[in-house]
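To start, the structure under review is shown below, and the notes come after it.
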Amino acid sequence: MQEIKPLLKTTIAEALNRLGVAELPEIIVQETPPGKEGDYGTPVAMGLARVLRKAPPLIATEIAERLTLPAWVRRTFVTGGYLNFELEPAFLAQTASQPLEPLTPQPGKVLLEHTSVNPNKELHVGHLRNICLGDSLARILRFAGREVEVMNYIDDTGRQAAESLYALEHFGLGDSEGDQKYDHFAGEAYVRLHQEMQDPEKKTTIEHGVQETLHRLERGELRGAVERILRAQLETMYRLGAEYDALVWESDIVREGLLEKAMQALEGTPYVHRPTEGKYAGAFVMDMSPFIPGLEDPYLVLIRSNGTSTYTAKDIALQFWKMGLLGGVKFKPYDTQPSGHALYSSAPEGQPMGFGAATETINVVDARQSHALRIVQASLEVEGRPDLAQHCFHLAYETVLLEGQQMSGRKGITVSVDEVLDEAVRRARAIIAEKNPEHPSPETAAEAIGVGAVRFAMIKSEAKKQIDFRYEQALSFEGDTGPYVQYAFARACSILRKAEEQGLGGEAPDFSQATAYELELAKVLLRFRETVQEAARAKAPHLLAQYLLDLAAAWNTYYNAKTPEGKPATVVLGAPEGLRGLRLGLVRSLQRTLQLGLGLVGLQAPEVM
RNA sequence: GCGCCUGUAGCUCAGUGGAUAGAGCGUUCGCCUCCGGAGCGAAAGGCCACAGGUUCGAGUCCUGUCAGGCGCGCCA
């Protein structure tokens with residue numbers, strides 16, 4: 001499937017040269033609006049009106065006269081200031097029927113971090129958006145030719161992990177083997193601990209225990225206990241379709257001395273100090289004012305006066321490692337993920353591997369932490385590497401409300417991802433039982449559809465828009481939803497299956513028989529490639545999700561099209577020979593494109609629903 | 001106080017400076033003797049928050065105002 005717009009742009013540029021236009025303007029080629037004549041058009045003449053001191057229609061005509069048209073352009077015409085192109089229908093149909101060529105590999109390596117959930121309780125819907133966004137973006141970037149390394153950061157030395165582990169011990173639950181998923185089990189202990197901390201007397205004891213647990217965590221003594229929670233969380237992530245290349249544990253970053261090395265590196269710059277008096281006496285601080293203007297207080301504490309490091313310091317060390325300023329983390333194989341792809345984990349007993357040292361990083365983190373990430377980015381400038389800072393991207397997403405309310409772990413206003421997925425699959429199962437009782441594998445399909453609905457709901461809007469998670473909306477299977485796209489795919493599969501049964505699979509297409517109905521579908525198909533590239537460039541998976549809705553809608557419209565007399569206009573299998581071959585070819589292309597596109601946003605494509 | 005983000009149909013949202021601002025949900029009315037009705041068609045519903053500006057052209061860019069969300073610790 002080649003791209004038509006770039007070819008037209010080149011053709012127009014040549015004509016402009018012949019016209020004597022010295023400085024070529026940006027040439028925009030767009031589809032003509034529905035109902036308008038022609039297939040593609042350009043407004044380039046309007047921008048040239050002032051330079052050439054002529055009326056736009058006249059300029060458009062002069063450009064048209066100097067075009068060296070490819071054989072597949074049937075005619076050009078001027079309307080308003082626009083120069084429009086009408087293409088040979090056979091060419092459009094044929095181009096849209098051809099398989100997509102792979103996109104060209106791009107240099108450099110992207111390190112994309114997402115998920116990074118505290119290993120202390122089950123995932124809730126707030127984590128959903130992060131995982132779906134990050135995983136979809138990774139898939140899109142890879143398809144667009146980027147080398148991508150997906151990393152999930154495990155904060156195993158944080159207070160949250162310590163509280164859960166201490167709670168399990170404190171309540172004597174450490175070794176219990178309930179039938180409950182272990183992350184939920186640990187989460188309940190965590191919540192119970194917080195309830196008990198309401199009591200000031202108990203709080204002192206608990207605080208003591210948590211501190212002690214924190215130290216044991218830092219020494220790496222409780223790794224097994226953390227892993228048990230992590231493994232349970234990974235089940236949920238896998239169920240969502242998310243996979244990773246490497247888990248990086250905070251305790252390993254610290255143990256490998258990356259924190260010290262990062263601080264030493266910064267110490268060599270003029271921007272870090274150890275004040276001996278004043279507010280920051282005894283602390284290790286960094287002056288951010290040259291890099292972030294308008295700060296009230298330019299100083300940022302990296303090491304507290306009591307010797308402990310701040311979160312920012314650890315984040316800076318991690319970022320330095322990601323961009324190759326620090327080495328030394330070792331890895332070992334950790335898991336085989338559902339797709340068969342190996343997952344590695346940092347580990348003291350591991351081997352040096354090629355992770356890290358990326359030319360570009362993407363951190364999928366909610367927008368509330370924009371300031372913190374800005375500081376991490378600026379620390380690269382402090383270190384004298386503005387070139388690296390420039391390739392440090394924060395994919396910021398707004399928070400997820402739950403039925404209009406701000407979520408809160410402590411107040412119990414939250415819903416777990418497992419719970420949401422179970423409910424979605426339950427609903428999908430019920431609909432399959434109702435609509436397709438003969439379904440050959442209802443369980444597999446229900447899983448694909450239920451999970452797909454949730455995942456699609458998480459990525460169909462722009463990341464910077466706050467979204468409200470509502471059951472009725474996120475678990476809907478009608479309208480602008482994942483199952484709508486999946487349904488369009490299943491429908492195409494159904495036709496292709498029947499074609500094979502009837503021995504029509506090899507019928508040759510006669511592209512000259514293409515009708516206006518085919519052309520509408522073909523033009524949407526031809527947008528796929530540029531859409532993926534734009535989604536990758538803008539790091540915006542929602543662009544692809546929106547396109548898939550467009551493509552599915554175009555296909556459904558085509559499928560239901562009727563002649564003015566009300567007769568079916570676009571029957572595939574019952575069409576005359578040649579036209580049938582053409583239609584089968586288009587349906588095959590549509591089916592492939594939907595499958596590919598669904599895969600890029602992390603949805604399965606069930607052949608039967 | 002300073003900074004970032006958002007404001008488009010009753011609701012939820014699309015909309016690389018270009019042609020008549022589009023979907024879904026909801027409402028009303030139609031469409032399976034056509035390959036899957038989780039679908040399709042039609043109707044109704046818009047001072048694109050407001051005011052200036054830039055431009056041949058602004059929902060889109062700039063400035064200001066208003067409204068909402070979030071951030072600005074030797075917390076994690």
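Starting from 1 in every chain, residues are counted up; chains themselves are A, B, ... following the order of the structure tokens, and ligands are numbered from 1 as listed.
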Determine which residues of region 48-191 of chain A DSSP labels as helix (DSSP H, G or I) from the backbone of this structure, then write them out as a PDB file with C-alpha atoms, in the first residue's frame.
```pdb
ATOM      1  CA  LEU A  48       0.724  32.055  -2.786  1.00  0.00           C
ATOM      2  CA  ALA A  49      -1.799  34.733  -3.670  1.00  0.00           C
ATOM      3  CA  ARG A  50       0.091  37.488  -1.888  1.00  0.00           C
ATOM      4  CA  VAL A  51       3.543  36.462  -3.113  1.00  0.00           C
ATOM      5  CA  LEU A  52       2.454  36.110  -6.729  1.00  0.00           C
ATOM      6  CA  PRO A  56      -5.946  32.095  -5.942  1.00  0.00           C
ATOM      7  CA  PRO A  57      -8.115  30.458  -8.671  1.00  0.00           C
ATOM      8  CA  LEU A  58      -5.800  31.864 -11.334  1.00  0.00           C
ATOM      9  CA  ILE A  59      -2.735  30.526  -9.534  1.00  0.00           C
ATOM     10  CA  ALA A  60      -4.387  27.149  -9.079  1.00  0.00           C
ATOM     11  CA  THR A  61      -5.087  27.049 -12.798  1.00  0.00           C
ATOM     12  CA  GLU A  62      -1.499  27.942 -13.609  1.00  0.00           C
ATOM     13  CA  ILE A  63      -0.238  25.195 -11.331  1.00  0.00           C
ATOM     14  CA  ALA A  64      -2.634  22.752 -12.933  1.00  0.00           C
ATOM     15  CA  GLU A  65      -1.319  23.632 -16.389  1.00  0.00           C
ATOM     16  CA  ARG A  66       2.238  22.819 -15.337  1.00  0.00           C
ATOM     17  CA  PRO A  89     -10.960   4.611  -9.338  1.00  0.00           C
ATOM     18  CA  ALA A  90      -9.113   1.468 -10.398  1.00  0.00           C
ATOM     19  CA  PHE A  91      -5.870   2.882  -9.033  1.00  0.00           C
ATOM     20  CA  LEU A  92      -7.381   3.819  -5.669  1.00  0.00           C
ATOM     21  CA  ALA A  93      -8.996   0.424  -5.309  1.00  0.00           C
ATOM     22  CA  GLN A  94      -5.851  -1.409  -6.288  1.00  0.00           C
ATOM     23  CA  THR A  95      -3.573   0.649  -4.046  1.00  0.00           C
ATOM     24  CA  ALA A  96      -5.843   0.154  -1.055  1.00  0.00           C
ATOM     25  CA  SER A  97      -5.946  -3.600  -1.703  1.00  0.00           C
ATOM     26  CA  VAL A 125      -8.315   1.872  37.847  1.00  0.00           C
ATOM     27  CA  GLY A 126      -5.966   4.804  38.337  1.00  0.00           C
ATOM     28  CA  HIS A 127      -3.128   2.557  37.157  1.00  0.00           C
ATOM     29  CA  LEU A 128      -5.106   1.426  34.140  1.00  0.00           C
ATOM     30  CA  ARG A 129      -4.558   4.515  32.082  1.00  0.00           C
ATOM     31  CA  ASN A 130      -0.818   4.438  32.608  1.00  0.00           C
ATOM     32  CA  ILE A 131      -0.461   0.817  31.543  1.00  0.00           C
ATOM     33  CA  CYS A 132      -2.744   1.104  28.503  1.00  0.00           C
ATOM     34  CA  LEU A 133      -1.123   4.318  27.304  1.00  0.00           C
ATOM     35  CA  GLY A 134       2.427   3.101  27.798  1.00  0.00           C
ATOM     36  CA  ASP A 135       1.895  -0.317  26.279  1.00  0.00           C
ATOM     37  CA  SER A 136       0.037   1.072  23.258  1.00  0.00           C
ATOM     38  CA  LEU A 137       2.692   3.674  22.634  1.00  0.00           C
ATOM     39  CA  ALA A 138       5.435   1.046  22.808  1.00  0.00           C
ATOM     40  CA  ARG A 139       3.644  -1.045  20.197  1.00  0.00           C
ATOM     41  CA  ILE A 140       3.091   1.946  17.927  1.00  0.00           C
ATOM     42  CA  LEU A 141       6.695   3.127  18.156  1.00  0.00           C
ATOM     43  CA  ARG A 142       8.021  -0.326  17.354  1.00  0.00           C
ATOM     44  CA  PHE A 143       5.754  -0.581  14.341  1.00  0.00           C
ATOM     45  CA  ARG A 159       7.310   3.286  52.376  1.00  0.00           C
ATOM     46  CA  GLN A 160       4.271   1.715  50.713  1.00  0.00           C
ATOM     47  CA  ALA A 161       5.978  -1.630  50.192  1.00  0.00           C
ATOM     48  CA  ALA A 162       7.324  -1.503  53.730  1.00  0.00           C
ATOM     49  CA  GLU A 163       3.886  -0.857  55.167  1.00  0.00           C
ATOM     50  CA  SER A 164       2.304  -3.775  53.356  1.00  0.00           C
ATOM     51  CA  LEU A 165       5.058  -6.199  54.285  1.00  0.00           C
ATOM     52  CA  TYR A 166       5.053  -5.056  57.871  1.00  0.00           C
ATOM     53  CA  ALA A 167       1.269  -5.333  57.970  1.00  0.00           C
ATOM     54  CA  LEU A 168       1.383  -8.944  56.775  1.00  0.00           C
ATOM     55  CA  GLU A 169       3.876  -9.746  59.522  1.00  0.00           C
ATOM     56  CA  HIS A 170       2.141  -7.684  62.147  1.00  0.00           C
ATOM     57  CA  TYR A 182      -1.938 -12.255  46.780  1.00  0.00           C
ATOM     58  CA  ASP A 183      -1.769  -8.563  45.816  1.00  0.00           C
ATOM     59  CA  HIS A 184      -5.334  -8.143  47.089  1.00  0.00           C
ATOM     60  CA  PHE A 185      -4.398 -10.053  50.207  1.00  0.00           C
ATOM     61  CA  ALA A 186      -1.462  -7.737  50.879  1.00  0.00           C
ATOM     62  CA  GLY A 187      -3.594  -4.724  50.047  1.00  0.00           C
ATOM     63  CA  GLU A 188      -6.129  -5.644  52.681  1.00  0.00           C
ATOM     64  CA  ALA A 189      -3.415  -5.933  55.304  1.00  0.00           C
ATOM     65  CA  TYR A 190      -2.136  -2.513  54.213  1.00  0.00           C
ATOM     66  CA  VAL A 191      -5.546  -0.907  54.611  1.00  0.00           C
TER      67      VAL A 191
END
```
**Message:** Show me, as a count of residues only, the residues of chain A whose atoms get within 6 Å of chain B, using only C-alpha atoms (C1' of nucleotides) for the distance check.
**Reply:** 8
Could you build a table of the residues in region 271-367 of chain A lying no more than 8 Å from region 231-253 of chain A, giving for each the nearest pair of atoms and their separation in Å rounded to one decimal place, using only C-alpha atoms, ordered by chain and ascending residue number, as JSON lines?
```
{"residue": "A:Ala317", "atom": "CA", "partner": "A:Ile253", "partner_atom": "CA", "distance": 8.0}
{"residue": "A:Leu318", "atom": "CA", "partner": "A:Ile253", "partner_atom": "CA", "distance": 7.3}
{"residue": "A:Val329", "atom": "CA", "partner": "A:Ile253", "partner_atom": "CA", "distance": 6.9}
{"residue": "A:Gln337", "atom": "CA", "partner": "A:Glu243", "partner_atom": "CA", "distance": 6.9}
{"residue": "A:Pro338", "atom": "CA", "partner": "A:Tyr238", "partner_atom": "CA", "distance": 6.9}
{"residue": "A:Ala342", "atom": "CA", "partner": "A:Asp245", "partner_atom": "CA", "distance": 7.0}
{"residue": "A:Leu343", "atom": "CA", "partner": "A:Asp245", "partner_atom": "CA", "distance": 5.1}
{"residue": "A:Tyr344", "atom": "CA", "partner": "A:Ala246", "partner_atom": "CA", "distance": 4.6}
{"residue": "A:Ser345", "atom": "CA", "partner": "A:Leu247", "partner_atom": "CA", "distance": 4.5}
{"residue": "A:Ser346", "atom": "CA", "partner": "A:Val248", "partner_atom": "CA", "distance": 5.2}
{"residue": "A:Ala347", "atom": "CA", "partner": "A:Asp252", "partner_atom": "CA", "distance": 6.5}
{"residue": "A:Pro348", "atom": "CA", "partner": "A:Asp252", "partner_atom": "CA", "distance": 6.7}
{"residue": "A:Phe355", "atom": "CA", "partner": "A:Ala246", "partner_atom": "CA", "distance": 7.9}
```
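Shell of Pro105 (chain A) at 8 Å, with only C-alpha atoms (C1' of nucleotides) counted and residues fewer than 2 places along the chain excluded, is Leu103, Pro107, Ala144, Gly145 and Arg146 of chain A.
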Those same residues, written as a short mmCIF file (atom, residue, chain, number, x, y, z; two decimals), in the first residue's frame with N, CA and C atoms?
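After the write, result17.cif holds the following:
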```
data_model
loop_
_atom_site.label_atom_id
_atom_site.label_comp_id
_atom_site.auth_asym_id
_atom_site.auth_seq_id
_atom_site.Cartn_x
_atom_site.Cartn_y
_atom_site.Cartn_z
N LEU A 103 7.37 -0.16 7.83
CA LEU A 103 7.93 1.19 7.91
C LEU A 103 9.44 1.10 8.12
N PRO A 107 16.92 5.23 13.54
CA PRO A 107 18.08 5.07 14.42
C PRO A 107 17.74 5.41 15.87
N ALA A 144 6.45 1.71 14.01
CA ALA A 144 6.94 2.84 13.22
C ALA A 144 8.44 2.79 13.01
N GLY A 145 9.06 1.69 13.42
CA GLY A 145 10.46 1.50 13.11
C GLY A 145 11.44 1.87 14.21
N ARG A 146 10.91 2.21 15.39
CA ARG A 146 11.82 2.54 16.50
C ARG A 146 12.23 1.30 17.26
#
```
**Request:** Take CA of Ala605 (chain A) and CA of Ala492 (chain A) and report the distance between them in Å, one decimal.
**Result:**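 Going from CA of Ala605 (chain A) over to CA of Ala492 (chain A) covers 11.3 Å.
Distance annotation: of B:A44, B:C11, B:A51, B:C66, the residue with the minimal separation from U27 (chain B) is B:A44; atom set is only C-alpha atoms (C1' of nucleotides).
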**Request:** Would you please give, as number ranges by chain, all residues of region 247-442 of chain A that DSSP assigns to strand (DSSP E) based on the backbone?
**Result:** A: 247-249, 272-273, 284-287, 299-303, 330-336, 342-346, 351-352, 360-366, 392-397, 400-402
**Request:** Would you mind listing what lies within 10 Å of Gly578 (chain A) as a ChimeraX atom specification, with only C-alpha atoms (C1' of nucleotides) counted and same-chain residues fewer than 2 positions away left out?
**Result:** /A:507-514,575-576,580-584
Residues just named, written with all heavy atoms as an mmCIF file, in the first residue's frame:
```cif
data_model
loop_
_atom_site.group_PDB
_atom_site.id
_atom_site.type_symbol
_atom_site.label_atom_id
_atom_site.label_comp_id
_atom_site.auth_asym_id
_atom_site.auth_seq_id
_atom_site.Cartn_x
_atom_site.Cartn_y
_atom_site.Cartn_z
ATOM 1 N N GLU A 507 -10.165 -15.589 -6.545
ATOM 2 C CA GLU A 507 -10.721 -14.852 -7.684
ATOM 3 C C GLU A 507 -9.948 -13.567 -7.975
ATOM 4 O O GLU A 507 -9.657 -12.779 -7.086
ATOM 5 C CB GLU A 507 -12.195 -14.504 -7.420
ATOM 6 C CG GLU A 507 -12.804 -13.764 -8.608
ATOM 7 C CD GLU A 507 -14.318 -13.628 -8.487
ATOM 8 O OE1 GLU A 507 -14.960 -14.603 -8.056
ATOM 9 O OE2 GLU A 507 -14.832 -12.548 -8.829
ATOM 10 N N ALA A 508 -9.654 -13.374 -9.252
ATOM 11 C CA ALA A 508 -8.876 -12.193 -9.643
ATOM 12 C C ALA A 508 -9.751 -10.949 -9.594
ATOM 13 O O ALA A 508 -10.923 -10.994 -9.973
ATOM 14 C CB ALA A 508 -8.328 -12.387 -11.050
ATOM 15 N N PRO A 509 -9.204 -9.847 -9.114
ATOM 16 C CA PRO A 509 -9.959 -8.606 -9.065
ATOM 17 C C PRO A 509 -9.962 -7.908 -10.422
ATOM 18 O O PRO A 509 -8.968 -7.956 -11.139
ATOM 19 C CB PRO A 509 -9.184 -7.765 -8.058
ATOM 20 C CG PRO A 509 -7.774 -8.276 -8.137
ATOM 21 C CD PRO A 509 -7.858 -9.722 -8.518
ATOM 22 N N ASP A 510 -11.072 -7.287 -10.734
ATOM 23 C CA ASP A 510 -11.107 -6.400 -11.898
ATOM 24 C C ASP A 510 -11.288 -4.989 -11.365
ATOM 25 O O ASP A 510 -12.402 -4.552 -11.094
ATOM 26 C CB ASP A 510 -12.266 -6.796 -12.827
ATOM 27 C CG ASP A 510 -12.390 -5.814 -13.997
ATOM 28 O OD1 ASP A 510 -11.541 -4.897 -14.104
ATOM 29 O OD2 ASP A 510 -13.340 -5.963 -14.782
ATOM 30 N N PHE A 511 -10.166 -4.289 -11.197
ATOM 31 C CA PHE A 511 -10.212 -2.993 -10.518
ATOM 32 C C PHE A 511 -10.997 -1.951 -11.300
ATOM 33 O O PHE A 511 -11.446 -0.966 -10.730
ATOM 34 C CB PHE A 511 -8.788 -2.503 -10.240
ATOM 35 C CG PHE A 511 -8.077 -3.336 -9.231
ATOM 36 C CD1 PHE A 511 -6.980 -4.104 -9.580
ATOM 37 C CD2 PHE A 511 -8.514 -3.374 -7.915
ATOM 38 C CE1 PHE A 511 -6.328 -4.887 -8.642
ATOM 39 C CE2 PHE A 511 -7.872 -4.150 -6.968
ATOM 40 C CZ PHE A 511 -6.776 -4.921 -7.331
ATOM 41 N N SER A 512 -11.172 -2.174 -12.591
ATOM 42 C CA SER A 512 -11.902 -1.189 -13.380
ATOM 43 C C SER A 512 -13.381 -1.145 -12.995
ATOM 44 O O SER A 512 -14.089 -0.219 -13.359
ATOM 45 C CB SER A 512 -11.755 -1.499 -14.871
ATOM 46 O OG SER A 512 -12.500 -2.671 -15.187
ATOM 47 N N GLN A 513 -13.832 -2.149 -12.264
ATOM 48 C CA GLN A 513 -15.247 -2.166 -11.881
ATOM 49 C C GLN A 513 -15.523 -1.436 -10.563
ATOM 50 O O GLN A 513 -16.657 -1.444 -10.069
ATOM 51 C CB GLN A 513 -15.746 -3.613 -11.769
ATOM 52 C CG GLN A 513 -15.814 -4.344 -13.102
ATOM 53 C CD GLN A 513 -16.555 -5.656 -12.981
ATOM 54 O OE1 GLN A 513 -17.665 -5.717 -12.448
ATOM 55 N NE2 GLN A 513 -15.938 -6.729 -13.454
ATOM 56 N N ALA A 514 -14.508 -0.828 -9.974
ATOM 57 C CA ALA A 514 -14.687 -0.159 -8.683
ATOM 58 C C ALA A 514 -15.770 0.911 -8.761
ATOM 59 O O ALA A 514 -15.824 1.691 -9.710
ATOM 60 C CB ALA A 514 -13.364 0.469 -8.242
ATOM 61 N N ALA A 575 -21.533 -10.687 -5.813
ATOM 62 C CA ALA A 575 -21.244 -9.700 -6.859
ATOM 63 C C ALA A 575 -20.792 -10.416 -8.136
ATOM 64 O O ALA A 575 -20.338 -11.558 -8.090
ATOM 65 C CB ALA A 575 -20.155 -8.751 -6.377
ATOM 66 N N PRO A 576 -20.908 -9.723 -9.285
ATOM 67 C CA PRO A 576 -20.429 -10.305 -10.541
ATOM 68 C C PRO A 576 -18.923 -10.597 -10.467
ATOM 69 O O PRO A 576 -18.201 -9.930 -9.715
ATOM 70 C CB PRO A 576 -20.700 -9.197 -11.570
ATOM 71 C CG PRO A 576 -21.594 -8.228 -10.913
ATOM 72 C CD PRO A 576 -21.468 -8.378 -9.451
ATOM 73 N N ARG A 580 -16.460 -8.993 -7.705
ATOM 74 C CA ARG A 580 -16.388 -9.790 -6.481
ATOM 75 C C ARG A 580 -14.934 -9.943 -6.038
ATOM 76 O O ARG A 580 -14.602 -9.801 -4.863
ATOM 77 C CB ARG A 580 -17.025 -11.152 -6.719
ATOM 78 C CG ARG A 580 -16.988 -12.073 -5.509
ATOM 79 C CD ARG A 580 -17.835 -13.289 -5.722
ATOM 80 N NE ARG A 580 -17.424 -14.011 -6.930
ATOM 81 C CZ ARG A 580 -18.186 -14.905 -7.557
ATOM 82 N NH1 ARG A 580 -19.400 -15.197 -7.121
ATOM 83 N NH2 ARG A 580 -17.744 -15.512 -8.643
ATOM 84 N N GLY A 581 -14.066 -10.200 -6.989
ATOM 85 C CA GLY A 581 -12.642 -10.325 -6.685
ATOM 86 C C GLY A 581 -12.096 -9.026 -6.098
ATOM 87 O O GLY A 581 -11.337 -9.032 -5.128
ATOM 88 N N LEU A 582 -12.505 -7.906 -6.657
ATOM 89 C CA LEU A 582 -12.090 -6.606 -6.162
ATOM 90 C C LEU A 582 -12.570 -6.409 -4.723
ATOM 91 O O LEU A 582 -11.803 -6.013 -3.846
ATOM 92 C CB LEU A 582 -12.678 -5.522 -7.072
ATOM 93 C CG LEU A 582 -12.359 -4.049 -6.807
ATOM 94 C CD1 LEU A 582 -12.698 -3.238 -8.037
ATOM 95 C CD2 LEU A 582 -13.128 -3.491 -5.608
ATOM 96 N N ARG A 583 -13.838 -6.714 -4.509
ATOM 97 C CA ARG A 583 -14.394 -6.511 -3.161
ATOM 98 C C ARG A 583 -13.724 -7.428 -2.143
ATOM 99 O O ARG A 583 -13.433 -7.009 -1.021
ATOM 100 C CB ARG A 583 -15.916 -6.733 -3.199
ATOM 101 C CG ARG A 583 -16.611 -5.565 -3.876
ATOM 102 C CD ARG A 583 -18.104 -5.721 -3.981
ATOM 103 N NE ARG A 583 -18.695 -4.463 -4.499
ATOM 104 C CZ ARG A 583 -19.944 -4.334 -4.914
ATOM 105 N NH1 ARG A 583 -20.774 -5.378 -4.895
ATOM 106 N NH2 ARG A 583 -20.388 -3.171 -5.352
ATOM 107 N N LEU A 584 -13.481 -8.660 -2.541
ATOM 108 C CA LEU A 584 -12.796 -9.575 -1.621
ATOM 109 C C LEU A 584 -11.405 -9.043 -1.279
ATOM 110 O O LEU A 584 -10.965 -9.126 -0.126
ATOM 111 C CB LEU A 584 -12.685 -10.968 -2.247
ATOM 112 C CG LEU A 584 -13.942 -11.834 -2.134
ATOM 113 C CD1 LEU A 584 -13.806 -13.095 -2.992
ATOM 114 C CD2 LEU A 584 -14.194 -12.213 -0.684
#
```
**Item:** Atom pair C1' of G15 (chain B) / CA of Leu87 (chain A): separation (Å)
**Value:** 25.8 Å
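For the residues B:G1, B:G59, B:G45, B:G30, ranking by smallest atom-to-atom distance to G17 (chain B) using only C-alpha atoms (C1' of nucleotides) places B:G59 first.
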**Item:** Non-local contacts of G52 (chain B) (12 Å; only C-alpha atoms (C1' of nucleotides); under 4 positions in same chain excluded) as a VMD selection string
**Value:** chain B and resid 62 to 65
Would you export the selected residues with C-alpha atoms (C1' of nucleotides) as a short mmCIF file (atom, residue, chain, number, x, y, z; two decimals), in the first residue's frame, please?
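Here's the written file selection-v1.cif:
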```
data_model
loop_
_atom_site.label_atom_id
_atom_site.label_comp_id
_atom_site.auth_asym_id
_atom_site.auth_seq_id
_atom_site.Cartn_x
_atom_site.Cartn_y
_atom_site.Cartn_z
"C1'" C B 62 -0.91 35.24 20.26
"C1'" U B 63 -2.64 38.51 24.50
"C1'" G B 64 -6.11 39.41 28.27
"C1'" U B 65 -10.56 37.92 31.21
#
```
**Item:** Long-range neighbours of region 383-396 of chain A as a list in words, 6 Å cut-off, only C-alpha atoms (C1' of nucleotides), 2 positions minimum in chain
**Value:**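 Selected residues are Leu266, Glu360, Thr361, Ile362, Asn363, Val364, Val365, Asp366, Ala367, Gln377, Leu380 and Glu381 of chain A.
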Write the selection just made, keeping N, CA, C and O atoms, as an mmCIF file, in the first residue's frame?
```
data_model
loop_
_atom_site.group_PDB
_atom_site.id
_atom_site.type_symbol
_atom_site.label_atom_id
_atom_site.label_comp_id
_atom_site.auth_asym_id
_atom_site.auth_seq_id
_atom_site.Cartn_x
_atom_site.Cartn_y
_atom_site.Cartn_z
ATOM 1 N N LEU A 266 27.225 15.063 39.755
ATOM 2 C CA LEU A 266 26.647 16.405 39.910
ATOM 3 C C LEU A 266 27.559 17.307 40.728
ATOM 4 O O LEU A 266 27.620 18.513 40.510
ATOM 5 N N GLU A 360 16.818 8.234 23.802
ATOM 6 C CA GLU A 360 15.588 8.973 24.081
ATOM 7 C C GLU A 360 14.852 8.228 25.180
ATOM 8 O O GLU A 360 14.831 7.000 25.189
ATOM 9 N N THR A 361 14.227 8.981 26.103
ATOM 10 C CA THR A 361 13.424 8.299 27.118
ATOM 11 C C THR A 361 12.006 8.850 27.106
ATOM 12 O O THR A 361 11.770 10.022 26.803
ATOM 13 N N ILE A 362 11.074 7.966 27.411
ATOM 14 C CA ILE A 362 9.687 8.376 27.593
ATOM 15 C C ILE A 362 9.247 7.874 28.958
ATOM 16 O O ILE A 362 9.366 6.677 29.244
ATOM 17 N N ASN A 363 8.799 8.781 29.797
ATOM 18 C CA ASN A 363 8.284 8.388 31.102
ATOM 19 C C ASN A 363 6.782 8.604 31.128
ATOM 20 O O ASN A 363 6.314 9.734 30.982
ATOM 21 N N VAL A 364 6.041 7.524 31.278
ATOM 22 C CA VAL A 364 4.589 7.635 31.357
ATOM 23 C C VAL A 364 4.227 7.813 32.832
ATOM 24 O O VAL A 364 4.278 6.860 33.612
ATOM 25 N N VAL A 365 3.919 9.045 33.179
ATOM 26 C CA VAL A 365 3.661 9.378 34.586
ATOM 27 C C VAL A 365 2.549 10.423 34.616
ATOM 28 O O VAL A 365 2.467 11.264 33.719
ATOM 29 N N ASP A 366 1.704 10.370 35.634
ATOM 30 C CA ASP A 366 0.567 11.280 35.631
ATOM 31 C C ASP A 366 1.000 12.738 35.785
ATOM 32 O O ASP A 366 2.085 13.035 36.263
ATOM 33 N N ALA A 367 0.120 13.627 35.326
ATOM 34 C CA ALA A 367 0.475 15.035 35.153
ATOM 35 C C ALA A 367 0.809 15.735 36.471
ATOM 36 O O ALA A 367 1.487 16.757 36.472
ATOM 37 N N GLN A 377 14.676 16.218 34.299
ATOM 38 C CA GLN A 377 15.152 16.606 32.972
ATOM 39 C C GLN A 377 16.230 17.687 33.087
ATOM 40 O O GLN A 377 17.277 17.617 32.454
ATOM 41 N N LEU A 380 19.876 16.862 33.852
ATOM 42 C CA LEU A 380 20.759 16.510 32.735
ATOM 43 C C LEU A 380 21.467 17.748 32.211
ATOM 44 O O LEU A 380 22.613 17.682 31.766
ATOM 45 N N GLU A 381 20.785 18.875 32.275
ATOM 46 C CA GLU A 381 21.420 20.133 31.863
ATOM 47 C C GLU A 381 22.458 20.556 32.892
ATOM 48 O O GLU A 381 23.522 21.055 32.534
#
```
**Request:** Excluding Pro293 (chain A) and any residue of its chain fewer than 5 positions from it, enumerate the residues within 12 Å of it, using only C-alpha atoms (C1' of nucleotides), and give them as a PyMOL selection string.
**Result:** (chain A and resi 287-288+298+374-375+378) or (chain B and resi 2-3)
